[in-house]
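**Student:** Next comes the structure file start-v8.tsv, holding TSV, C-alpha atoms and all ligand atoms.
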chain	number	residue	atom	x	y	z
A	1	MET	CA	-106.44	12.68	21.55
A	2	HIS	CA	-104.48	11.33	18.61
A	3	LYS	CA	-105.44	12.12	15.05
A	4	ALA	CA	-105.61	9.22	12.61
A	5	ALA	CA	-104.11	9.81	9.22
A	6	GLU	CA	-105.23	8.22	5.99
A	7	ILE	CA	-102.19	6.85	4.20
A	8	ASP	CA	-102.31	7.08	0.43
A	9	ILE	CA	-99.62	5.25	-1.52
A	10	VAL	CA	-99.71	6.33	-5.16
A	11	SER	CA	-97.80	4.32	-7.82
A	12	VAL	CA	-94.84	3.84	-5.49
A	13	SER	CA	-91.74	1.91	-6.55
A	14	LYS	CA	-88.47	1.13	-4.82
A	15	VAL	CA	-85.47	0.15	-6.88
A	16	TYR	CA	-82.14	-0.92	-5.37
A	17	GLY	CA	-79.57	-1.11	-8.17
A	18	SER	CA	-80.95	-3.78	-10.48
A	19	THR	CA	-83.56	-5.07	-7.97
A	20	THR	CA	-87.11	-3.74	-8.10
A	21	ALA	CA	-88.18	-4.34	-4.49
A	22	VAL	CA	-91.54	-2.56	-4.81
A	23	ASP	CA	-93.17	-2.33	-8.23
A	24	THR	CA	-95.64	0.54	-8.77
A	25	ILE	CA	-98.01	-0.19	-5.90
A	26	SER	CA	-101.06	1.90	-5.03
A	27	LEU	CA	-102.96	1.53	-1.76
A	28	LYS	CA	-105.28	3.66	0.37
A	29	ILE	CA	-105.29	2.91	4.09
A	30	PRO	CA	-108.18	4.77	5.76
A	31	GLY	CA	-107.41	6.66	8.99
A	32	GLY	CA	-107.81	4.52	12.12
A	33	THR	CA	-107.32	1.23	10.24
A	34	TYR	CA	-105.21	-1.71	11.44
A	35	CYS	CA	-103.42	-2.70	8.23
A	36	CYS	CA	-101.12	-5.73	7.93
A	37	LEU	CA	-98.61	-6.05	5.10
A	38	LEU	CA	-98.25	-9.80	4.57
A	39	GLY	CA	-96.15	-11.86	2.21
A	40	PRO	CA	-93.17	-14.16	1.83
A	41	SER	CA	-89.59	-13.09	2.53
A	42	GLY	CA	-88.30	-10.55	0.01
A	43	CYS	CA	-91.72	-9.52	-1.35
A	44	GLY	CA	-91.17	-5.85	-0.47
A	45	LYS	CA	-93.10	-5.42	2.81
A	46	THR	CA	-90.32	-3.78	4.80
A	47	SER	CA	-89.30	-1.52	1.90
A	48	THR	CA	-92.92	-0.33	1.65
A	49	LEU	CA	-93.12	0.36	5.40
A	50	ARG	CA	-89.79	2.18	5.40
A	51	MET	CA	-90.90	4.38	2.50
A	52	ILE	CA	-94.05	5.35	4.45
A	53	ALA	CA	-91.83	6.16	7.46
A	54	GLY	CA	-89.28	8.10	5.44
A	55	HIS	CA	-86.44	5.76	6.37
A	56	GLU	CA	-86.06	4.79	2.72
A	57	SER	CA	-86.24	7.13	-0.26
A	58	ILE	CA	-89.06	6.60	-2.76
A	59	SER	CA	-87.75	5.78	-6.26
A	60	SER	CA	-90.97	6.91	-7.96
A	61	GLY	CA	-94.52	7.73	-6.93
A	62	ASP	CA	-95.84	9.55	-3.86
A	63	VAL	CA	-96.87	8.89	-0.27
A	64	ARG	CA	-99.59	11.11	1.23
A	65	LEU	CA	-100.45	11.28	4.91
A	66	GLY	CA	-103.74	12.98	5.53
A	67	ASN	CA	-103.77	15.41	2.67
A	68	VAL	CA	-100.06	16.15	2.76
A	69	VAL	CA	-97.59	14.75	0.23
A	70	VAL	CA	-94.73	13.58	2.48
A	71	THR	CA	-92.62	11.92	-0.21
A	72	ASP	CA	-89.63	14.17	0.43
A	73	PHE	CA	-90.16	14.78	4.17
A	74	PRO	CA	-87.70	13.42	6.74
A	75	PRO	CA	-89.20	10.85	9.19
A	76	ALA	CA	-89.67	13.33	12.07
A	77	ARG	CA	-91.87	15.64	9.96
A	78	ARG	CA	-94.29	12.99	8.72
A	79	GLY	CA	-96.46	12.45	11.79
A	80	THR	CA	-95.54	8.76	11.77
A	81	ALA	CA	-93.55	6.71	14.26
A	82	MET	CA	-91.81	3.43	13.67
A	83	MET	CA	-91.35	0.47	15.98
A	84	PHE	CA	-88.46	-1.73	14.92
A	85	GLN	CA	-88.24	-5.52	15.01
A	86	SER	CA	-85.26	-5.43	17.39
A	87	TYR	CA	-86.94	-2.68	19.49
A	88	ALA	CA	-83.64	-0.69	19.18
A	89	LEU	CA	-83.66	0.30	22.87
A	90	PHE	CA	-80.62	2.03	24.36
A	91	PRO	CA	-79.05	-0.43	26.84
A	92	HIS	CA	-77.38	2.23	29.01
A	93	LEU	CA	-80.52	4.38	29.53
A	94	ASP	CA	-83.34	3.69	31.97
A	95	LEU	CA	-86.89	3.33	30.66
A	96	VAL	CA	-87.82	6.97	31.22
A	97	ASP	CA	-84.85	8.20	29.18
A	98	ASN	CA	-85.40	5.53	26.52
A	99	VAL	CA	-89.02	6.59	26.10
A	100	ALA	CA	-88.23	10.33	26.31
A	101	PHE	CA	-85.45	10.13	23.73
A	102	SER	CA	-87.24	11.54	20.70
A	103	LEU	CA	-88.56	14.48	22.77
A	104	LYS	CA	-84.97	15.22	23.82
A	105	MET	CA	-84.01	15.30	20.13
A	106	LYS	CA	-86.80	17.82	19.61
A	107	GLY	CA	-85.30	20.06	22.32
A	108	ILE	CA	-88.15	19.63	24.81
A	109	ASP	CA	-87.00	20.43	28.35
A	110	LYS	CA	-86.19	17.67	30.77
A	111	ASP	CA	-89.13	17.96	33.17
A	112	ALA	CA	-91.69	18.08	30.38
A	113	ARG	CA	-90.23	15.14	28.49
A	114	ARG	CA	-89.85	13.00	31.61
A	115	ALA	CA	-93.45	13.73	32.61
A	116	LYS	CA	-94.67	12.70	29.16
A	117	ALA	CA	-92.46	9.58	29.26
A	118	MET	CA	-94.03	8.60	32.59
A	119	ASP	CA	-97.50	9.04	31.02
A	120	MET	CA	-96.51	6.68	28.23
A	121	LEU	CA	-95.02	4.16	30.67
A	122	ARG	CA	-98.29	4.30	32.62
A	123	LEU	CA	-100.26	3.67	29.41
A	124	MET	CA	-98.12	0.56	28.90
A	125	GLN	CA	-98.40	-0.43	32.60
A	126	LEU	CA	-94.67	-0.10	33.05
A	127	GLU	CA	-94.49	2.77	35.56
A	128	ALA	CA	-93.15	0.45	38.27
A	129	TYR	CA	-90.11	-0.28	36.08
A	130	ALA	CA	-89.30	3.33	35.17
A	131	THR	CA	-85.76	3.28	36.58
A	132	ARG	CA	-84.79	-0.11	35.13
A	133	ARG	CA	-82.66	-0.62	32.07
A	134	PRO	CA	-83.94	-2.68	29.11
A	135	ALA	CA	-81.84	-5.75	30.00
A	136	GLN	CA	-83.73	-6.00	33.31
A	137	LEU	CA	-87.04	-6.57	31.51
A	138	SER	CA	-88.77	-9.54	29.90
A	139	GLY	CA	-89.23	-9.67	26.12
A	140	GLY	CA	-92.88	-8.61	26.38
A	141	GLN	CA	-91.97	-5.67	28.63
A	142	GLN	CA	-89.22	-4.57	26.23
A	143	GLN	CA	-91.76	-4.62	23.45
A	144	ARG	CA	-94.06	-2.35	25.48
A	145	VAL	CA	-91.16	0.07	26.07
A	146	ALA	CA	-90.54	0.19	22.33
A	147	LEU	CA	-94.24	0.94	21.81
A	148	ALA	CA	-94.19	3.67	24.47
A	149	ARG	CA	-91.16	5.18	22.80
A	150	ALA	CA	-92.80	5.18	19.39
A	151	LEU	CA	-96.07	6.65	20.69
A	152	ILE	CA	-94.58	9.51	22.71
A	153	THR	CA	-94.58	11.85	19.69
A	154	ASP	CA	-98.38	11.44	19.32
A	155	PRO	CA	-98.07	9.97	15.81
A	156	GLU	CA	-101.02	9.86	13.43
A	157	ALA	CA	-99.80	6.49	12.20
A	158	LEU	CA	-97.68	3.83	13.89
A	159	LEU	CA	-95.52	1.66	11.64
A	160	LEU	CA	-94.51	-1.71	13.07
A	161	ASP	CA	-91.87	-3.95	11.47
A	162	GLU	CA	-92.41	-7.56	12.62
A	163	PRO	CA	-93.20	-6.31	16.16
A	164	LEU	CA	-93.92	-9.78	17.59
A	165	SER	CA	-91.13	-11.80	15.99
A	166	ALA	CA	-88.77	-11.66	19.00
A	167	LEU	CA	-91.37	-13.13	21.38
A	168	ASP	CA	-92.00	-16.77	22.28
A	169	PRO	CA	-95.23	-18.29	20.91
A	170	PHE	CA	-97.24	-17.82	24.12
A	171	LEU	CA	-96.22	-14.19	24.59
A	172	LYS	CA	-96.74	-13.53	20.89
A	173	ILE	CA	-100.43	-14.31	21.19
A	174	ARG	CA	-100.81	-12.22	24.36
A	175	MET	CA	-98.99	-9.22	22.94
A	176	ARG	CA	-100.95	-9.54	19.73
A	177	ALA	CA	-104.16	-8.98	21.68
A	178	GLU	CA	-102.56	-6.01	23.45
A	179	LEU	CA	-101.53	-4.43	20.15
A	180	LYS	CA	-105.08	-4.68	18.86
A	181	LYS	CA	-106.47	-3.20	22.09
A	182	LEU	CA	-103.96	-0.36	21.94
A	183	GLN	CA	-104.80	0.46	18.34
A	184	THR	CA	-108.52	0.44	19.09
A	185	SER	CA	-108.14	2.69	22.13
A	186	LEU	CA	-105.77	5.16	20.44
A	187	GLY	CA	-107.79	5.11	17.22
A	188	ILE	CA	-104.70	5.83	15.09
A	189	THR	CA	-103.63	4.05	11.91
A	190	PHE	CA	-101.37	1.02	12.43
A	191	VAL	CA	-99.36	-0.53	9.58
A	192	HIS	CA	-97.83	-3.83	10.69
A	193	VAL	CA	-95.44	-5.96	8.64
A	194	THR	CA	-95.65	-9.70	9.23
A	195	HIS	CA	-94.80	-13.08	7.69
A	196	SER	CA	-97.61	-14.75	9.59
A	197	GLN	CA	-101.00	-15.36	8.01
A	198	GLU	CA	-102.47	-16.12	11.43
A	199	GLU	CA	-101.17	-12.85	12.91
A	200	ALA	CA	-102.54	-10.82	10.02
A	201	MET	CA	-105.93	-12.56	10.17
A	202	ALA	CA	-106.17	-11.96	13.91
A	203	LEU	CA	-105.26	-8.27	13.81
A	204	ALA	CA	-106.06	-6.61	10.53
A	205	ASP	CA	-108.97	-4.60	9.24
A	206	ILE	CA	-107.14	-4.71	5.90
A	207	ILE	CA	-104.66	-7.41	4.86
A	208	VAL	CA	-102.36	-6.42	2.01
A	209	ILE	CA	-100.83	-9.52	0.42
A	210	MET	CA	-97.63	-8.78	-1.45
A	211	ASN	CA	-95.71	-10.97	-3.87
A	212	ASP	CA	-92.61	-10.01	-5.78
A	213	GLY	CA	-92.96	-6.27	-5.16
A	214	ARG	CA	-96.65	-6.12	-6.07
A	215	ILE	CA	-99.99	-6.20	-4.27
A	216	GLU	CA	-101.99	-9.34	-5.04
A	217	GLN	CA	-104.97	-8.38	-2.87
A	218	ALA	CA	-105.86	-5.75	-0.25
A	219	ALA	CA	-109.07	-6.48	1.64
A	220	HIS	CA	-110.65	-7.43	4.94
A	221	PRO	CA	-109.32	-10.81	6.20
A	222	ARG	CA	-112.66	-12.48	5.65
A	223	VAL	CA	-112.75	-11.36	2.01
A	224	VAL	CA	-109.17	-12.53	1.48
A	225	PHE	CA	-110.02	-15.92	2.93
A	226	GLU	CA	-113.41	-16.40	1.31
A	227	LYS	CA	-112.68	-14.77	-2.05
A	228	PRO	CA	-108.94	-14.95	-2.70
A	229	ALA	CA	-108.25	-12.80	-5.75
A	230	THR	CA	-105.39	-14.82	-7.20
A	231	ALA	CA	-103.90	-18.32	-7.04
A	232	PHE	CA	-100.98	-16.85	-5.11
A	233	VAL	CA	-103.30	-15.52	-2.39
A	234	ALA	CA	-105.25	-18.80	-2.16
A	235	ARG	CA	-102.02	-20.82	-1.85
A	236	PHE	CA	-100.30	-18.36	0.49
A	237	MET	CA	-103.27	-18.08	2.88
A	238	GLY	CA	-103.51	-21.88	2.88
A	239	ASP	CA	-106.65	-23.98	3.52
A	240	HIS	CA	-107.53	-23.88	-0.19
A	241	ASN	CA	-107.12	-26.35	-3.04
A	242	VAL	CA	-105.99	-24.58	-6.20
A	243	ILE	CA	-106.69	-26.40	-9.47
A	244	SER	CA	-105.51	-25.20	-12.88
A	245	GLY	CA	-107.28	-26.05	-16.07
A	246	ARG	CA	-108.75	-24.91	-19.35
A	247	VAL	CA	-111.82	-22.71	-19.25
A	248	THR	CA	-114.81	-22.99	-21.53
A	249	LYS	CA	-118.34	-21.71	-21.23
A	250	SER	CA	-121.25	-24.13	-21.27
A	251	GLN	CA	-124.38	-23.41	-23.31
A	252	GLY	CA	-126.04	-22.13	-20.15
A	253	GLY	CA	-123.20	-19.59	-19.79
A	254	GLU	CA	-121.58	-21.42	-16.88
A	255	MET	CA	-117.80	-21.49	-16.73
A	256	MET	CA	-116.36	-24.97	-17.02
A	257	LEU	CA	-112.84	-25.83	-15.97
A	258	SER	CA	-111.33	-28.96	-17.56
A	259	VAL	CA	-108.36	-30.33	-15.72
A	260	PRO	CA	-105.84	-32.32	-17.78
A	261	ALA	CA	-107.01	-35.90	-18.13
A	262	GLY	CA	-109.79	-35.23	-15.67
A	263	ALA	CA	-113.42	-34.37	-15.38
A	264	ASP	CA	-114.94	-30.97	-16.02
A	265	PHE	CA	-115.50	-28.66	-13.06
A	266	VAL	CA	-118.01	-25.90	-12.98
A	267	ALA	CA	-116.88	-22.74	-11.25
A	268	THR	CA	-118.41	-19.41	-10.35
A	269	GLY	CA	-116.75	-16.07	-9.87
A	270	ASP	CA	-115.94	-12.76	-11.40
A	271	ASN	CA	-112.30	-12.25	-10.54
A	272	GLY	CA	-110.21	-10.79	-13.32
A	273	GLU	CA	-110.49	-11.60	-16.97
A	274	LEU	CA	-110.84	-15.17	-18.03
A	275	THR	CA	-108.32	-16.45	-20.49
A	276	ASP	CA	-108.35	-19.96	-21.91
A	277	THR	CA	-106.61	-21.22	-18.80
A	278	ALA	CA	-107.58	-20.42	-15.24
A	279	ASP	CA	-107.26	-21.49	-11.64
A	280	ILE	CA	-110.05	-22.19	-9.22
A	281	ALA	CA	-109.88	-22.37	-5.44
A	282	ILE	CA	-111.93	-24.69	-3.25
A	283	ARG	CA	-111.72	-24.36	0.52
A	284	THR	CA	-110.46	-27.55	2.12
A	285	ASP	CA	-113.11	-27.38	4.86
A	286	HIS	CA	-115.93	-27.04	2.33
A	287	VAL	CA	-115.17	-30.45	0.79
A	288	ARG	CA	-117.13	-33.45	1.99
A	289	ILE	CA	-117.04	-37.19	1.37
A	290	GLY	CA	-119.85	-38.45	-0.84
A	291	PRO	CA	-121.38	-37.83	-4.24
A	292	PRO	CA	-122.26	-34.27	-5.24
A	293	SER	CA	-125.79	-33.11	-4.64
A	294	GLU	CA	-127.87	-32.26	-7.71
A	295	LYS	CA	-126.17	-28.88	-8.22
A	296	GLY	CA	-122.91	-29.79	-6.56
A	297	LEU	CA	-119.50	-30.65	-7.94
A	298	GLY	CA	-116.89	-33.25	-7.24
A	299	PHE	CA	-114.63	-36.05	-8.39
A	300	THR	CA	-113.60	-39.58	-7.55
A	301	GLY	CA	-110.08	-40.22	-6.33
A	302	SER	CA	-107.84	-42.38	-4.25
A	303	VAL	CA	-106.90	-41.55	-0.65
A	304	THR	CA	-103.14	-41.05	-0.30
A	305	ASN	CA	-102.93	-39.87	3.31
A	306	VAL	CA	-105.09	-39.60	6.44
A	307	GLU	CA	-104.02	-37.27	9.23
A	308	TYR	CA	-105.88	-37.06	12.54
A	309	ARG	CA	-105.99	-33.54	13.98
A	310	GLY	CA	-108.30	-33.83	16.96
A	311	SER	CA	-111.41	-31.93	15.98
A	312	SER	CA	-110.88	-32.73	12.29
A	313	VAL	CA	-109.21	-35.19	9.94
A	314	LYS	CA	-107.14	-34.16	6.93
A	315	LEU	CA	-107.45	-36.34	3.85
A	316	SER	CA	-105.18	-36.14	0.80
A	317	VAL	CA	-106.70	-37.47	-2.41
A	318	ASN	CA	-105.40	-37.96	-5.95
A	319	GLY	CA	-107.86	-37.97	-8.85
A	320	ALA	CA	-107.52	-37.93	-12.65
A	321	GLY	CA	-105.47	-34.81	-13.36
A	322	ILE	CA	-105.67	-33.72	-9.72
A	323	GLU	CA	-102.89	-34.31	-7.22
A	324	ASP	CA	-102.83	-33.88	-3.49
A	325	PHE	CA	-106.35	-32.49	-3.12
A	326	THR	CA	-107.04	-31.77	0.54
A	327	ALA	CA	-110.28	-32.30	2.39
A	328	ILE	CA	-110.69	-31.31	6.04
A	329	ILE	CA	-113.52	-33.42	7.46
A	330	THR	CA	-114.91	-32.97	10.98
A	331	ASP	CA	-113.90	-35.80	13.31
A	332	LYS	CA	-117.58	-36.68	13.73
A	333	ASP	CA	-118.22	-37.05	9.98
A	334	PHE	CA	-114.97	-38.93	9.44
A	335	PHE	CA	-115.47	-41.50	12.21
A	336	ALA	CA	-119.10	-42.06	11.17
A	337	ASN	CA	-117.65	-43.42	7.90
A	338	PRO	CA	-113.87	-43.81	8.17
A	339	VAL	CA	-111.77	-44.24	5.01
A	340	LYS	CA	-108.29	-45.71	4.61
A	341	VAL	CA	-105.24	-44.97	2.47
A	342	GLY	CA	-105.69	-46.60	-0.97
A	343	GLU	CA	-109.48	-46.50	-0.84
A	344	ALA	CA	-111.43	-44.89	-3.71
A	345	ILE	CA	-113.76	-42.15	-2.52
A	346	GLN	CA	-115.97	-39.44	-3.95
A	347	LEU	CA	-115.37	-35.88	-2.82
A	348	SER	CA	-117.87	-33.09	-3.41
A	349	TRP	CA	-118.60	-29.45	-2.68
A	350	GLY	CA	-121.19	-26.83	-3.47
A	351	ARG	CA	-121.13	-24.94	-6.75
A	352	GLU	CA	-120.62	-21.65	-4.91
A	353	ASP	CA	-117.48	-23.07	-3.26
A	354	ALA	CA	-115.45	-23.12	-6.50
A	355	ILE	CA	-113.98	-19.63	-6.87
A	356	VAL	CA	-112.43	-18.56	-10.18
A	357	LEU	CA	-109.12	-16.86	-9.46
A	358	GLY	CA	-107.80	-13.85	-11.34
A	359	ARG	CA	-104.29	-13.20	-12.54
A	360	LEU	CA	-102.19	-10.08	-12.14
A	361	LYS	CA	-101.42	-8.41	-15.44
A	362	HIS	CA	-97.73	-8.07	-16.05
A	401	LIG	N1	-80.71	-1.98	0.92
A	401	LIG	C1	-80.96	-2.86	-0.04
A	401	LIG	N2	-80.16	-3.00	-1.10
A	401	LIG	C2	-80.42	-3.87	-2.10
A	401	LIG	N3	-81.50	-4.68	-2.11
A	401	LIG	C3	-82.35	-4.60	-1.09
A	401	LIG	C4	-82.14	-3.70	0.01
A	401	LIG	N4	-83.16	-3.84	0.88
A	401	LIG	C5	-83.98	-4.79	0.36
A	401	LIG	N5	-83.49	-5.26	-0.82
A	401	LIG	C6	-84.11	-6.27	-1.69
A	401	LIG	O1	-85.42	-5.84	-2.00
A	401	LIG	C7	-86.34	-6.92	-1.96
A	401	LIG	C8	-87.45	-6.63	-0.95
A	401	LIG	O2	-86.92	-6.55	0.34
A	401	LIG	P1	-87.79	-6.23	1.64
A	401	LIG	O3	-86.87	-6.20	2.81
A	401	LIG	O4	-88.63	-5.06	1.39
A	401	LIG	O5	-88.71	-7.52	1.68
A	401	LIG	P2	-89.57	-8.12	2.88
A	401	LIG	O6	-90.83	-8.59	2.25
A	401	LIG	O7	-89.69	-7.16	3.97
A	401	LIG	O8	-88.68	-9.36	3.29
A	401	LIG	P3	-88.44	-10.00	4.75
A	401	LIG	O9	-89.76	-10.54	5.15
A	401	LIG	O10	-87.44	-11.06	4.49
A	401	LIG	O11	-87.96	-8.90	5.65
A	401	LIG	C9	-85.53	-8.16	-1.64
A	401	LIG	O12	-85.22	-8.78	-2.83
A	401	LIG	C10	-84.29	-7.59	-0.97
A	401	LIG	O13	-83.19	-8.45	-1.18
Output the file's structure in the form of structure tokens.
Ligand SMILES: Nc1ncnc2c1ncn2[C@@H]1O[C@H](COP(=O)(O)OP(=O)(O)OP(=O)(O)O)[C@@H](O)[C@H]1O
**Tutor:**
Amino acid sequence: MHKAAEIDIVSVSKVYGSTTAVDTISLKIPGGTYCCLLGPSGCGKTSTLRMIAGHESISSGDVRLGNVVVTDFPPARRGTAMMFQSYALFPHLDLVDNVAFSLKMKGIDKDARRAKAMDMLRLMQLEAYATRRPAQLSGGQQQRVALARALITDPEALLLDEPLSALDPFLKIRMRAELKKLQTSLGITFVHVTHSQEEAMALADIIVIMNDGRIEQAAHPRVVFEKPATAFVARFMGDHNVISGRVTKSQGGEMMLSVPAGADFVATGDNGELTDTADIAIRTDHVRIGPPSEKGLGFTGSVTNVEYRGSSVKLSVNGAGIEDFTAIITDKDFFANPVKVGEAIQLSWGREDAIVLGRLKH
């Protein structure tokens, strides 16, 4: 049975020359969690993963695994294993020797390491291919060999750097489900770096959204989607309208957001500290056509684009001070009352659907 290590990242930074790739991040990943590090290219995901693995030195701060500070440990002493994007399989070795490789490095005798390698190949349903070389396998099979090879040391945490990026879209979705199943059955901590919002949403217990070397939000996917902490998160996850404006409080204590040249919006939320300017997020699928209900919110604008998507229709609308506002309307609602480009329409949403977004302090 594998142990699952809690990973504790404490004020960790990574500096390469004049570039700060990771800027004082702190994060606790409970043992047995599937954690996805998500963010745009260059935001520091891979550097963070490599510092957990010990493949990259830590410029400042500490990494703890379980209760052990591993900051200065070499990779093999950390209880972690890493699966690389390219799989890094040895082309001239068969699958058994590929999988057994790290046990050979540890000086474990041939029979014992081959027996363990066969166990791992069985776990990955690859025992029938044991004598093949990597080039004689499909992409999905190669990925399973790389997983077997990473898991043979019984790691407490598996670190995966874009593990699905080499696969075609169909296989990607299948292997994604297999990764999740594997993590659940092993019960160990997985940390998985990805560019893909969809992949992170599908897999993670915790999504960590990074931007410019910092963590914008770390939470369950549903929390990230329903309560994005910052404008960056709302925009990056997509499916949200983000509106900037000036904040005031009404006499009743409600927060009002005035957009330039536009109407006042009322917003709810408790993210961060409010300054005199703020952003609010409104989910595109929570917007409907029609006037606001008594307690609802909305504006009048002009339709600039209509896009049919099968089960839904995407409308783009410009209003006073608001550009390119998106509403996703079900096909049924849309075709009951179709609208055309150029038409003036009212859009509305519930008061609870306007989320005030926080800002990271710099
Ligand atoms: N060895 C290095 N030397 C100098 N700068 C580096 C090095 N490795 C990474 N960087 C820089 O650090 C920043 C973060 O890189 P990192 O690879 O961690 O980002 P990432 O989020 O994983 O990006 P990607 O998704 O493109 O792999 C980038 O600006 C990158 O150019």
**Student:** List the residues sitting within 12 Å of (-90.3, -11.5, -5.3) in the file's frame, using all atoms listed in the file, as a list in words.
**Tutor:**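 With a cut-off of 12 Å, the residues come to Thr19, Thr20, Ala21, Val22, Asp23, Gly39, Pro40, Ser41, Gly42, Cys43, Gly44, Lys45, Met210, Asn211, Asp212, Gly213, Arg214, Ile215, Glu216 and Phe232 of chain A.
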**Student:** Output C-alpha atoms for every residue in that selection, as a PDB file, keeping the file's coordinate frame.
**Tutor:**
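Saved to out.pdb:
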ATOM      1  CA  THR A  19     -83.560  -5.070  -7.970  1.00  0.00           C
ATOM      2  CA  THR A  20     -87.110  -3.740  -8.100  1.00  0.00           C
ATOM      3  CA  ALA A  21     -88.180  -4.340  -4.490  1.00  0.00           C
ATOM      4  CA  VAL A  22     -91.540  -2.560  -4.810  1.00  0.00           C
ATOM      5  CA  ASP A  23     -93.170  -2.330  -8.230  1.00  0.00           C
ATOM      6  CA  GLY A  39     -96.150 -11.860   2.210  1.00  0.00           C
ATOM      7  CA  PRO A  40     -93.170 -14.160   1.830  1.00  0.00           C
ATOM      8  CA  SER A  41     -89.590 -13.090   2.530  1.00  0.00           C
ATOM      9  CA  GLY A  42     -88.300 -10.550   0.010  1.00  0.00           C
ATOM     10  CA  CYS A  43     -91.720  -9.520  -1.350  1.00  0.00           C
ATOM     11  CA  GLY A  44     -91.170  -5.850  -0.470  1.00  0.00           C
ATOM     12  CA  LYS A  45     -93.100  -5.420   2.810  1.00  0.00           C
ATOM     13  CA  MET A 210     -97.630  -8.780  -1.450  1.00  0.00           C
ATOM     14  CA  ASN A 211     -95.710 -10.970  -3.870  1.00  0.00           C
ATOM     15  CA  ASP A 212     -92.610 -10.010  -5.780  1.00  0.00           C
ATOM     16  CA  GLY A 213     -92.960  -6.270  -5.160  1.00  0.00           C
ATOM     17  CA  ARG A 214     -96.650  -6.120  -6.070  1.00  0.00           C
ATOM     18  CA  ILE A 215     -99.990  -6.200  -4.270  1.00  0.00           C
ATOM     19  CA  GLU A 216    -101.990  -9.340  -5.040  1.00  0.00           C
ATOM     20  CA  PHE A 232    -100.980 -16.850  -5.110  1.00  0.00           C
TER      21      PHE A 232
END
**Student:** Please identify all polymer residues within 12 Å of Asn337 (chain A), counting all atoms listed in the file, omitting same-chain residues fewer than 4 positions from it, and present them as a list of chain:residue names.
**Tutor:** A:Arg288, A:Ile289, A:Gly290, A:Val313, A:Ile329, A:Thr330, A:Asp331, A:Lys332, A:Asp333, A:Ile345
**Student:** Just write the chosen residues, C-alpha atoms, as a PDB file, keeping the file's coordinate frame.
**Tutor:**
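Result went into again01.pdb, see below:
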ATOM      1  CA  ARG A 288    -117.130 -33.450   1.990  1.00  0.00           C
ATOM      2  CA  ILE A 289    -117.040 -37.190   1.370  1.00  0.00           C
ATOM      3  CA  GLY A 290    -119.850 -38.450  -0.840  1.00  0.00           C
ATOM      4  CA  VAL A 313    -109.210 -35.190   9.940  1.00  0.00           C
ATOM      5  CA  ILE A 329    -113.520 -33.420   7.460  1.00  0.00           C
ATOM      6  CA  THR A 330    -114.910 -32.970  10.980  1.00  0.00           C
ATOM      7  CA  ASP A 331    -113.900 -35.800  13.310  1.00  0.00           C
ATOM      8  CA  LYS A 332    -117.580 -36.680  13.730  1.00  0.00           C
ATOM      9  CA  ASP A 333    -118.220 -37.050   9.980  1.00  0.00           C
ATOM     10  CA  ILE A 345    -113.760 -42.150  -2.520  1.00  0.00           C
TER      11      ILE A 345
END
**Student:** Quick one, how far is CA of Thr153 (chain A) from CA of Leu93 (chain A)?
**Tutor:**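 CA of Thr153 (chain A) sits 18.7 Å away from CA of Leu93 (chain A).
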**Student:** To one decimal place in Å, what is the distance between CA of Phe84 (chain A) and atom O12 of ligand LIG 401 (chain A)?
**Tutor:**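 Computing it gives 19.4 Å between the two atoms.
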**Student:** Around the point (-87.8, 9.3, 30.3), in the coordinates given by the file, pick out the residues reaching within 7 Å, counting only C-alpha atoms, and return them as a list of chain:residue names.
**Tutor:** A:Leu95, A:Val96, A:Asp97, A:Asn98, A:Val99, A:Ala100, A:Arg113, A:Arg114, A:Ala117, A:Met118
**Student:** Box for ligand LIG 401 (chain A) - axis-aligned, 8 Å on each of the six sides, all listed atoms - centre and size in Å to one decimal, as AutoDock Vina command-line options.
**Tutor:**
--center_x -85.5 --center_y -6.5 --center_z 1.4 --size_x 26.7 --size_y 25.1 --size_z 24.5
**Student:** Could N, CA and C atoms be built for region 181-188 of chain A and written out as a PDB file, in the coordinates of the input?
**Tutor:**
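This is the output file selection_1.pdb:
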ATOM      1  N   LYS A 181    -105.768  -4.031  21.102  1.00  0.00           N
ATOM      2  CA  LYS A 181    -106.470  -3.200  22.090  1.00  0.00           C
ATOM      3  C   LYS A 181    -105.933  -1.768  22.049  1.00  0.00           C
ATOM      4  N   LEU A 182    -104.617  -1.672  21.958  1.00  0.00           N
ATOM      5  CA  LEU A 182    -103.960  -0.360  21.940  1.00  0.00           C
ATOM      6  C   LEU A 182    -104.405   0.438  20.711  1.00  0.00           C
ATOM      7  N   GLN A 183    -104.416  -0.238  19.574  1.00  0.00           N
ATOM      8  CA  GLN A 183    -104.800   0.460  18.340  1.00  0.00           C
ATOM      9  C   GLN A 183    -106.253   0.920  18.430  1.00  0.00           C
ATOM     10  N   THR A 184    -107.112   0.074  18.970  1.00  0.00           N
ATOM     11  CA  THR A 184    -108.520   0.440  19.090  1.00  0.00           C
ATOM     12  C   THR A 184    -108.675   1.625  20.038  1.00  0.00           C
ATOM     13  N   SER A 185    -107.944   1.606  21.171  1.00  0.00           N
ATOM     14  CA  SER A 185    -108.140   2.690  22.130  1.00  0.00           C
ATOM     15  C   SER A 185    -107.505   3.993  21.638  1.00  0.00           C
ATOM     16  N   LEU A 186    -106.379   3.925  20.951  1.00  0.00           N
ATOM     17  CA  LEU A 186    -105.770   5.160  20.440  1.00  0.00           C
ATOM     18  C   LEU A 186    -106.496   5.666  19.198  1.00  0.00           C
ATOM     19  N   GLY A 187    -107.049   4.743  18.433  1.00  0.00           N
ATOM     20  CA  GLY A 187    -107.790   5.110  17.220  1.00  0.00           C
ATOM     21  C   GLY A 187    -106.895   5.597  16.090  1.00  0.00           C
ATOM     22  N   ILE A 188    -105.578   5.380  16.176  1.00  0.00           N
ATOM     23  CA  ILE A 188    -104.700   5.830  15.090  1.00  0.00           C
ATOM     24  C   ILE A 188    -104.481   4.688  14.082  1.00  0.00           C
TER      25      ILE A 188
END
